[in-house]
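Below is one structure, written out as C-alpha cells, with a few remarks after it.
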Amino acid sequence: MLRNFCVLMTAVVATTATAKSVTDESIMLSKKWKSKVDTTEEQLSKEALNKFANFKSILNSIDTVNVKQAQLQAFTNLASIIQSQVAGVYVQKPSGEPGTYQNIIIRGLNSPVFDNTALNNVRPVVYVNGVPMTTSHSFAYNIQSYKYNRIGPETDYLNFVDVSAIESIEVVKDPVQLAALGPLAANGAILITTFGGKTGKREISVNSYYGFNSKPSITPVNGQYENLFRQPFYSLYNNSLSARQLYPGFLADSTNLNYYGASKWQDEYYHNASLYSIDLSLRGGSDRANFGFLGGYTKNSSTADNTSLDRYNALLNINMLPFSWFTVSAFINATRTERNGNRNLRDRYAEMGYLPDLSTPLSPNLGLYQHYLNQYQRAVNDNVTNSLQGSLSLSFDILKNLNYTTSLLVDYSDGTRDVFYPSELMESINYISNYFGYSQRYALDNKLNYNLKINEKNSFSFGAGMNYMDDLYRYSYARAYDGPNDFIKLNVVNGDPNKDAYLTPQGGLKVYRWYNTEQNRLLSVFGRAGYSYNSVLDVEGLVRWDGSSSVQPDQRWLFTPSASAKFHLDKQFDLSEPFSVKIAAGRIGKIQMDSRLGVGPQYATNLNWSSESSISSYYGNSVLSRPYATGWVGYDMGWNYVDQFDLTVQKSFFSNRLTANVSLYQKENKNQVVLIPVPEEYGYVGQYKNGLDVRNQGIDLTVSAKVLDKKEGFKWNTSLNLNHNVNKVTGLPDGLSRLVVGDRLLEVGKPVDAFWVYENNGI
C-alpha cells in the first residue's frame with residue numbers, strides 16, 4: 001500500500017477596487033453590471049452547457065463533486081477527483097502510472113469493450129467552461145498487432161485541467177440535459193467550471209503543497225520459489241527424461257547465484273516519490289470589466305519504475321461590458337504535460353513488434369538489474385502533450401426578456417513521442433520511432449432565449465439554437481530498426497520505406513511510415529419550451545435534429561425529442577422541507593467515430609502481412625488475396641441512439657440536515673454497429689451492420705447529512721452514494737441470438753461484459 005504525506009500552504013492577499021459613479025445613469029449601469037458579473041461564470045459557462053435544459057426554478061443537480069475536498073488531495077486526473085463522489089459513476093484504473101488513461105463509465109456499460117480500441121465508445125464527454133474536449137482517436141490501433149497501449153504519448157486528456165483551477169464539477173445523468181447537450185453526451189457528461197473573473201476586491205492567491213509516496217515494503221522471491229512451484233506439476237504429469245531436459249535452464253542449476261542468490265531488485269525498482277504543486281492566481285477588475293488568471297506547475301510521481309508526470313498550466317478568463325446590452329466573455333486554458341513512462345518489457349516489445357529470446361528472464365539479482373537499468377541511460381522515451389481549450393462568447397440583450405448568444409468554441413491537443421533503444425537492449429539491433437498526432441475541434445454555437453412571465457404563478461421560457469462542430473484527427477508515425485550505430489537517433493525525413501535510408505555498402509536503417517486522417521462534422525438545430533406553475537410544477541420539452549457526416553446520406557439526419565416534469569410536493573402541500581419528484585425521458589443520438597461507415601458500400605485492403613500488420617508485404621501482393629481483414633460496409637448504416645428514462649425522488653429531513661435522492665433509470669442503447677460473420681466464400685472476415693442493442697437498468701441512491709453545521713467553529717458533513725446496475729444484450733443484427741467476435745461471445749439476454757470460458761473436462 002502506498003502511503004501519502006502532504007503539506008498544504010495557502011496565501012491570499014486582497015485589495016479593494018473602487019469605481020466612481022458620475023451620473024444616475026452610470027449608477028444604474030453599475031448596479032446592472034454587478035448583477036451580471038456576479039453570475040458571469042454560471043451564466044457564460046454552466047448555463048451555456050445546459051443549453052436550455054434547466055428551468056430557472058429547478059433545483060440544482062445533486063450530482064456535484066466536493067471540489068474543495070478534492071483540492072486537498074494530490075490529484076492530477078479528473079477520474080480520481082470524481083471517483084466515489086457520485087452514484088452511478090464507475091472509474092477504472094488499469095495502472096497506477098501517473099498520466100496514463102483512466103476510464104469513466106456512467107450508469108453502466110453500453111457497448112462491448114473487447115480491447116482498448118473501444119474505450120472511446122463508452123467514455124462520457126467532458127466540458128470545460130462550455131468547451132467539449134476531444135479524445136485521442138482509436139484509429140492508430142489499426143497498425144498495431146498488440147493493442148495494450150496506443151502508439152503516441154498516451155497521456156490521458158483527463159489530466160489537462162488543473163484541480164486548483166476548478167470551481168465546480170457536475171456529472172450530468174438527466175435525459176433532458178443530455179439531450180440538450182447533443183450526441184457528444186450519449187455516454188453522459190461532466191461539466192467543469194474553472195477559475196474566472198470577479199468584481200470588487202482584487203485577489204492574489206498563492207497555493208502550494210508538498211508530499212511524497214513512500215515505497216512499499218515487499219519481499220521478492222528468487223529461483224528457488226519458482227522451482228518449488230513447478231516441481232509438483234512435472235512430477236505429477238510428466239516426469240520423463242525428455243521433460244527434464246526441457247526444464248528451464250535458469251532453474252535447472254541451483255548453484256547459479258544470478259537466480260538462486262539474494263533477490264533485492266526492489267531496491268532499484270521502488271523509491272520514495274515526491275508530489276508537489278504550486279500555482280499563482282490573480283483576479284479582479286471594475287464593474288465594466290474583470291479578469292481572472294491562474295498559472296501553475298504540478299509534479300506527480302509513482303514509487304515504481306521511476307514514472308512521473310510534469311504539468312504546466314495557464315488559464316485566463318476575461319469578461320467585458322462595452323454596453324449595458326452587450327457582454328463579451330473569453331476563456332483560454334493551456335496545458336503542457338511531460339510524462340516519464342515505464343520500462344515494462346511487455347509494453348516495449350508490443351510497440352516494436354519485436355520478440356527477443358525470452359527463454360532467460362531478467363535476473364532478480366540487484367547487481368544485474370542495475371546493469372540492465374544502466375543500458376537505459378542512452379535510451380530516449382519522451383512523451384509530450386500540449387492542450388488548449390478556448391471560447392469567445394458574445395451576448396446581446398435584444399429586448400428585456402430576449403437574449404441572443406453566439407460562441408466560438410475551440411479544443412486542440414497534440415502529442416509527440418520520441419523513442420530510441422540502443423543495441424544493448426535489443427540483442428545488437430537498435431530501434432527508433434517518432435510519433436506526432438493531434439485532435440482538433442471547433443464549434444459555432446448560436447442560441448436565442450425568450451422568457452415570458454404571465455403573472456406571479458405562470459411563466460414560460462422558449463429557446464432555439466444551431467450548433468456546428470468540426471472534428472479533425474491526424475497522426476504520422478515512423479519507426480526503424482538496425483541503424484548504423486547507437487549515436488544516430490534520427491529518422492531520415494526524406495527516406496524511402498522501400499529503400500535503405502542510409503545508403504551504405506552494407507545497407508542500413510529502413511524506415512517504415514504510416515499516416516492517417518479522420519474528420520467528422522456535426523450540424524444540429526434544436527428548440528425547447530418550458531413552463532412553470534406557481535413553483536409547484538416545472539415542465540420542459542426539447543426537440544433537435546442532428547446531421548452527422550459519419551452516417552450515410554440517406555439516413556444522415558436524426559430527430560430526437562425529450563421531455564421532463566418536476567413536481568415540488570413541498571410547495572403543493574406546504575411542507576417545511578424540500579420534497580420533489582421528477583420524471584424525464586429522452587432520445588439522444590450517438591456519434592460514430594469511424595467515417596468509413598458513412599461512405600457507403602466499400603471494403604479496405606490491407607497491404608501488410610496478415611499476421612503482422614506493421615510489416616509491409618512484398619509489392620503489396622496481399623491486395624490480391626483474401627480475406628480482407630477490415631470487413632465489408634454495405635447500405636442502410638444508420639444512427640446509433642440512446643433512449644433513457646428516469647424517475648427521481650428527492651427529500652430532506654430534520655430541518656434540511658439530511659437529504660436523500662433516489663433515481664431509477666433505464667438506458668437503451670440501440671442500433672449499434674457490430675461486425676457479423678459472413679460465408680468464407682465472400683472473402684471478407686465479416687460485414688458491419690446495425691442492430692446491437694444493450695439495456696442498462698439500475699438505481700442511484702445518494703444520502704448526505706450535516707452532522708455538525710455551526711456557522712462558526714467545527715463542521716462535519718458526510719455523504720453516502722450507492723448504485724446497482726444490470727446490463728444485458730437485448731438484440732443482435734439479423735435476429736441472431738449469439739455472436740462470436742474474435743475470442744469473445746455476445747448472447748441475447750446475457751451481460752455485454754460477460755466473460756465466457758471453456759469448461760475443462762479433465763486431463
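Chain labels follow the order of the C-alpha cells: the first chain is A, the next B, and so on; residue numbering restarts at 1 in every chain, and ligands are counted from 1 in their shown order.
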TODO: Please identify all polymer residues within 12 Å of Arg587 in chain A, counting only C-alpha atoms, omitting same-chain residues fewer than 3 positions from it, and present them as a count of residues only.
DONE: 38
TODO: From the DSSP assignment of the backbone, select every residue of range 93-231 of chain A that is alpha helix (DSSP H), and format the answer as a list in words.
DONE: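 Those residues are Pro175, Val176, Gln177, Leu178, Ala179, Ala180, Leu181, Gly223, Gln224, Tyr225, Glu226, Asn227, Leu228, Phe229, Arg230 and Gln231 of chain A.
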Export of the given selection (all heavy atoms) as a compact mmCIF listing (two decimals), in the first residue's frame:
```
# COMPACT_ATOMS: atom_id res chain seq x y z
N PRO A 175 -31.88 12.80 -18.60
CA PRO A 175 -32.07 12.63 -20.04
C PRO A 175 -32.26 13.93 -20.81
O PRO A 175 -31.76 14.07 -21.93
CB PRO A 175 -33.33 11.75 -20.13
CG PRO A 175 -33.39 11.05 -18.82
CD PRO A 175 -32.83 12.00 -17.82
N VAL A 176 -32.99 14.90 -20.24
CA VAL A 176 -33.24 16.14 -20.96
C VAL A 176 -31.98 16.99 -21.04
O VAL A 176 -31.68 17.58 -22.09
CB VAL A 176 -34.39 16.93 -20.28
CG1 VAL A 176 -34.63 18.25 -21.01
CG2 VAL A 176 -35.66 16.10 -20.27
N GLN A 177 -31.22 17.05 -19.98
CA GLN A 177 -29.96 17.79 -20.02
C GLN A 177 -29.00 17.17 -21.02
O GLN A 177 -28.31 17.87 -21.77
CB GLN A 177 -29.32 17.83 -18.63
CG GLN A 177 -30.06 18.66 -17.61
CD GLN A 177 -29.24 18.86 -16.36
OE1 GLN A 177 -28.05 19.13 -16.41
NE2 GLN A 177 -29.88 18.71 -15.21
N LEU A 178 -28.93 15.84 -21.05
CA LEU A 178 -28.04 15.18 -22.01
C LEU A 178 -28.52 15.42 -23.43
O LEU A 178 -27.70 15.66 -24.34
CB LEU A 178 -27.99 13.69 -21.71
CG LEU A 178 -27.35 13.27 -20.39
CD1 LEU A 178 -27.47 11.77 -20.17
CD2 LEU A 178 -25.88 13.69 -20.34
N ALA A 179 -29.82 15.36 -23.66
CA ALA A 179 -30.35 15.62 -24.99
C ALA A 179 -30.06 17.04 -25.43
O ALA A 179 -29.80 17.31 -26.62
CB ALA A 179 -31.86 15.36 -25.02
N ALA A 180 -30.08 17.98 -24.50
CA ALA A 180 -29.77 19.36 -24.84
C ALA A 180 -28.30 19.54 -25.21
O ALA A 180 -27.97 20.36 -26.06
CB ALA A 180 -30.13 20.28 -23.67
N LEU A 181 -27.43 18.76 -24.59
CA LEU A 181 -26.01 18.84 -24.92
C LEU A 181 -25.71 18.22 -26.29
O LEU A 181 -24.74 18.59 -26.93
CB LEU A 181 -25.18 18.14 -23.85
CG LEU A 181 -25.14 18.83 -22.49
CD1 LEU A 181 -24.48 17.92 -21.46
CD2 LEU A 181 -24.42 20.15 -22.56
N GLY A 223 14.79 -17.80 -7.74
CA GLY A 223 14.53 -19.01 -8.50
C GLY A 223 14.06 -20.18 -7.65
O GLY A 223 13.36 -21.07 -8.16
N GLN A 224 14.44 -20.22 -6.37
CA GLN A 224 14.02 -21.31 -5.51
C GLN A 224 12.49 -21.37 -5.40
O GLN A 224 11.89 -22.44 -5.44
CB GLN A 224 14.65 -21.15 -4.12
CG GLN A 224 14.24 -22.19 -3.09
CD GLN A 224 14.76 -23.58 -3.43
OE1 GLN A 224 15.62 -23.74 -4.31
NE2 GLN A 224 14.25 -24.60 -2.75
N TYR A 225 11.87 -20.21 -5.27
CA TYR A 225 10.41 -20.14 -5.16
C TYR A 225 9.76 -20.66 -6.45
O TYR A 225 8.81 -21.46 -6.41
CB TYR A 225 9.98 -18.69 -4.89
CG TYR A 225 8.49 -18.49 -4.76
CD1 TYR A 225 7.87 -18.58 -3.52
CD2 TYR A 225 7.71 -18.20 -5.88
CE1 TYR A 225 6.49 -18.39 -3.40
CE2 TYR A 225 6.34 -18.02 -5.77
CZ TYR A 225 5.74 -18.11 -4.53
OH TYR A 225 4.38 -17.93 -4.41
N GLU A 226 10.27 -20.25 -7.60
CA GLU A 226 9.73 -20.69 -8.88
C GLU A 226 9.94 -22.19 -9.07
O GLU A 226 9.07 -22.90 -9.59
CB GLU A 226 10.39 -19.90 -10.01
CG GLU A 226 9.98 -20.31 -11.41
CD GLU A 226 8.56 -19.87 -11.76
OE1 GLU A 226 7.98 -19.07 -11.00
OE2 GLU A 226 8.05 -20.34 -12.79
N ASN A 227 11.09 -22.67 -8.66
CA ASN A 227 11.40 -24.10 -8.80
C ASN A 227 10.45 -24.95 -7.97
O ASN A 227 9.94 -25.98 -8.43
CB ASN A 227 12.84 -24.35 -8.40
CG ASN A 227 13.28 -25.78 -8.68
OD1 ASN A 227 13.04 -26.31 -9.76
ND2 ASN A 227 13.90 -26.41 -7.69
N LEU A 228 10.18 -24.53 -6.74
CA LEU A 228 9.26 -25.28 -5.88
C LEU A 228 7.84 -25.25 -6.42
O LEU A 228 7.07 -26.19 -6.21
CB LEU A 228 9.29 -24.71 -4.45
CG LEU A 228 10.61 -24.90 -3.68
CD1 LEU A 228 10.55 -24.20 -2.34
CD2 LEU A 228 10.91 -26.39 -3.51
N PHE A 229 7.49 -24.20 -7.12
CA PHE A 229 6.16 -24.11 -7.71
C PHE A 229 6.00 -25.07 -8.89
O PHE A 229 4.97 -25.71 -9.07
CB PHE A 229 5.89 -22.67 -8.15
CG PHE A 229 4.61 -22.50 -8.91
CD1 PHE A 229 3.39 -22.45 -8.24
CD2 PHE A 229 4.61 -22.41 -10.29
CE1 PHE A 229 2.20 -22.31 -8.94
CE2 PHE A 229 3.44 -22.26 -11.00
CZ PHE A 229 2.22 -22.21 -10.33
N ARG A 230 7.04 -25.20 -9.72
CA ARG A 230 6.95 -26.02 -10.92
C ARG A 230 7.07 -27.53 -10.65
O ARG A 230 6.47 -28.34 -11.34
CB ARG A 230 8.06 -25.62 -11.91
CG ARG A 230 7.85 -24.26 -12.58
CD ARG A 230 9.07 -23.91 -13.40
NE ARG A 230 8.92 -22.63 -14.09
CZ ARG A 230 8.70 -22.49 -15.40
NH1 ARG A 230 8.60 -23.57 -16.16
NH2 ARG A 230 8.59 -21.31 -15.95
N GLN A 231 7.87 -27.88 -9.65
CA GLN A 231 8.21 -29.29 -9.43
C GLN A 231 6.99 -30.21 -9.28
O GLN A 231 6.96 -31.29 -9.89
CB GLN A 231 9.11 -29.43 -8.21
CG GLN A 231 10.55 -29.00 -8.44
CD GLN A 231 11.29 -29.94 -9.38
OE1 GLN A 231 10.83 -31.05 -9.69
NE2 GLN A 231 12.44 -29.50 -9.87
```
Per-residue nearest contacts range 508-611 of chain A to range 466-473 of chain A, cut-off 6 Å, using only C-alpha atoms, as CSV:
```
residue,atom,partner,partner_atom,distance
A:Thr517,CA,A:Tyr473,CA,5.6
A:Glu518,CA,A:Tyr473,CA,5.0
A:Gln519,CA,A:Leu472,CA,4.5
A:Asn520,CA,A:Asp471,CA,5.1
A:Arg521,CA,A:Asp470,CA,4.6
A:Leu522,CA,A:Met469,CA,5.1
A:Leu523,CA,A:Tyr468,CA,4.6
A:Ser524,CA,A:Asn467,CA,5.1
A:Val525,CA,A:Met466,CA,4.4
```
- [ ] Give the answer as one residue: which of A:Phe567, A:Tyr635, A:Phe195, A:Phe114 has the shortest atom-to-atom distance to Val128 in chain A, using only C-alpha atoms?
- [x] A:Phe195
Open item on the list: Taking only C-alpha atoms into account, name the residue in A:Thr194, A:Glu97, A:Ala565, A:Ser145 that is nearest to Ala304 in chain A.
Closed with: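 Checking each of A:Thr194, A:Glu97, A:Ala565, A:Ser145 against Ala304 in chain A, counting only C-alpha atoms, the winner is A:Glu97.
Remark: for Arg107 in chain A, the closest of the candidate residues A:Asp700, A:Glu456, A:Glu154, A:Asp554 is A:Asp700 (distances computed over only C-alpha atoms).
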Task: Top pick for closest residue to Phe160 in chain A, considering A:Tyr270, A:Tyr312, A:Phe293, A:Tyr376 and counting only C-alpha atoms - done: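 That would be A:Tyr312, the residue with the smallest distance to Phe160 in chain A.
Neighbours of Asn340 in chain A closer than or equal to 10 Å, with only C-alpha atoms counted and sequence neighbours fewer than 2 positions away skipped, come out as Glu97, Pro98, Gly99, Pro153, Ser301, Asp305, Asn306, Thr307, Ser308, Leu309, Asp310, Glu338, Asn342, Arg343, Asn381, Asp382, Asn383 and Val384 of chain A.
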Task: Gap from CA of Arg556 in chain A to CA of Ile105 in chain A - Å, one decimal - done: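 Separation of CA of Arg556 in chain A and CA of Ile105 in chain A: 27.6 Å.
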Residues within 7 Å of Tyr141 in chain A, only C-alpha atoms, excluding chain neighbours under 4 positions, as a compact mmCIF listing (two decimals) with N, CA and C atoms, in the first residue's frame:
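Final file, selection.txt:
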```txt
# COMPACT_ATOMS: atom_id res chain seq x y z
N THR A 117 -9.35 -0.37 -28.06
CA THR A 117 -9.84 0.41 -29.20
C THR A 117 -11.28 0.87 -29.00
N LYS A 147 -2.47 -4.46 -28.87
CA LYS A 147 -3.18 -3.23 -28.54
C LYS A 147 -3.21 -2.96 -27.04
N ARG A 150 -1.89 2.52 -26.90
CA ARG A 150 -1.94 3.21 -28.18
C ARG A 150 -0.59 3.87 -28.45
```
Open item on the list: Here is a test: counting only C-alpha atoms, which residue of A:Tyr450, A:Tyr372, A:Phe331, A:Tyr682 is nearest to Ser407 in chain A?
Closed with: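 Closest residue, counting only C-alpha atoms: A:Phe331.
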- [ ] Write out as a PyMOL selection string the residues lying within 8 Å of Val125 in chain A, counting only C-alpha atoms and excluding same-chain residues fewer than 5 positions away.
- [x] chain A and resi 132-133+184-185+187-190
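Residues in contact range of Gly108 in chain A, defined as at most 8 Å between only C-alpha atoms, with sequence neighbours fewer than 5 positions away removed, read A:Gly88, A:Tyr90, A:Asn696, A:Asn725, A:Val726, A:Asn727.
Of the residues under consideration (A:Ile591, A:Ser286, A:Leu109, A:Asn344), A:Leu109 shows the shortest atom-to-atom contact distance to Val729 in chain A when counting only C-alpha atoms.
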Show me, as a tab-separated table (two decimals) with N, CA, C and O atoms, in the first residue's frame, the residues that have an atom within 10 Å of Val599 in chain A when counting only C-alpha atoms, minus same-chain residues fewer than 2 positions from it.
```tsv
chain	number	residue	atom	x	y	z
A	549	SER	N	-21.70	13.60	-40.56
A	549	SER	CA	-21.01	13.14	-41.77
A	549	SER	C	-20.61	11.68	-41.68
A	549	SER	O	-20.26	11.07	-42.70
A	550	SER	N	-20.63	11.09	-40.50
A	550	SER	CA	-20.25	9.69	-40.35
A	550	SER	C	-21.42	8.74	-40.56
A	550	SER	O	-21.28	7.53	-40.36
A	551	VAL	N	-22.58	9.27	-40.95
A	551	VAL	CA	-23.75	8.47	-41.25
A	551	VAL	C	-24.04	8.58	-42.75
A	551	VAL	O	-23.86	9.65	-43.35
A	552	GLN	N	-24.48	7.51	-43.36
A	552	GLN	CA	-24.73	7.51	-44.79
A	552	GLN	C	-25.81	8.52	-45.17
A	552	GLN	O	-26.72	8.79	-44.39
A	553	PRO	N	-25.70	9.11	-46.39
A	553	PRO	CA	-26.56	10.26	-46.76
A	553	PRO	C	-28.05	10.01	-46.61
A	553	PRO	O	-28.79	10.93	-46.22
A	594	ASP	N	-16.03	6.22	-36.71
A	594	ASP	CA	-15.42	5.68	-37.93
A	594	ASP	C	-16.16	6.25	-39.14
A	594	ASP	O	-17.30	5.89	-39.41
A	595	SER	N	-15.50	7.12	-39.89
A	595	SER	CA	-16.14	7.75	-41.04
A	595	SER	C	-16.38	6.78	-42.19
A	595	SER	O	-17.15	7.08	-43.10
A	596	ARG	N	-15.71	5.62	-42.17
A	596	ARG	CA	-15.94	4.62	-43.23
A	596	ARG	C	-17.40	4.22	-43.30
A	596	ARG	O	-17.93	3.92	-44.38
A	597	LEU	N	-18.07	4.21	-42.16
A	597	LEU	CA	-19.45	3.76	-42.13
A	597	LEU	C	-20.38	4.73	-42.85
A	597	LEU	O	-21.49	4.35	-43.23
A	601	PRO	N	-21.13	1.51	-49.54
A	601	PRO	CA	-20.55	0.19	-49.79
A	601	PRO	C	-19.09	0.26	-50.21
A	601	PRO	O	-18.74	0.93	-51.17
A	602	GLN	N	-18.23	-0.42	-49.48
A	602	GLN	CA	-16.81	-0.44	-49.79
A	602	GLN	C	-16.11	-1.44	-48.86
A	602	GLN	O	-16.68	-1.87	-47.88
A	633	VAL	N	-18.54	-2.89	-45.62
A	633	VAL	CA	-19.54	-1.91	-45.22
A	633	VAL	C	-20.57	-1.83	-46.33
A	633	VAL	O	-20.23	-1.54	-47.48
A	634	GLY	N	-21.83	-2.08	-46.02
A	634	GLY	CA	-22.88	-2.07	-47.02
A	634	GLY	C	-23.80	-0.87	-46.89
A	634	GLY	O	-23.43	0.18	-46.36
A	635	TYR	N	-25.02	-1.02	-47.37
A	635	TYR	CA	-26.03	0.03	-47.28
A	635	TYR	C	-26.72	0.00	-45.92
A	635	TYR	O	-26.48	-0.87	-45.09
A	637	MET	N	-26.66	1.89	-43.23
A	637	MET	CA	-25.93	2.12	-41.99
A	637	MET	C	-26.44	3.42	-41.38
A	637	MET	O	-26.15	4.51	-41.88
```
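Taking CA of Lys706 in chain A as the reference point, CA of Leu72 in chain A is found at 20.1 Å.
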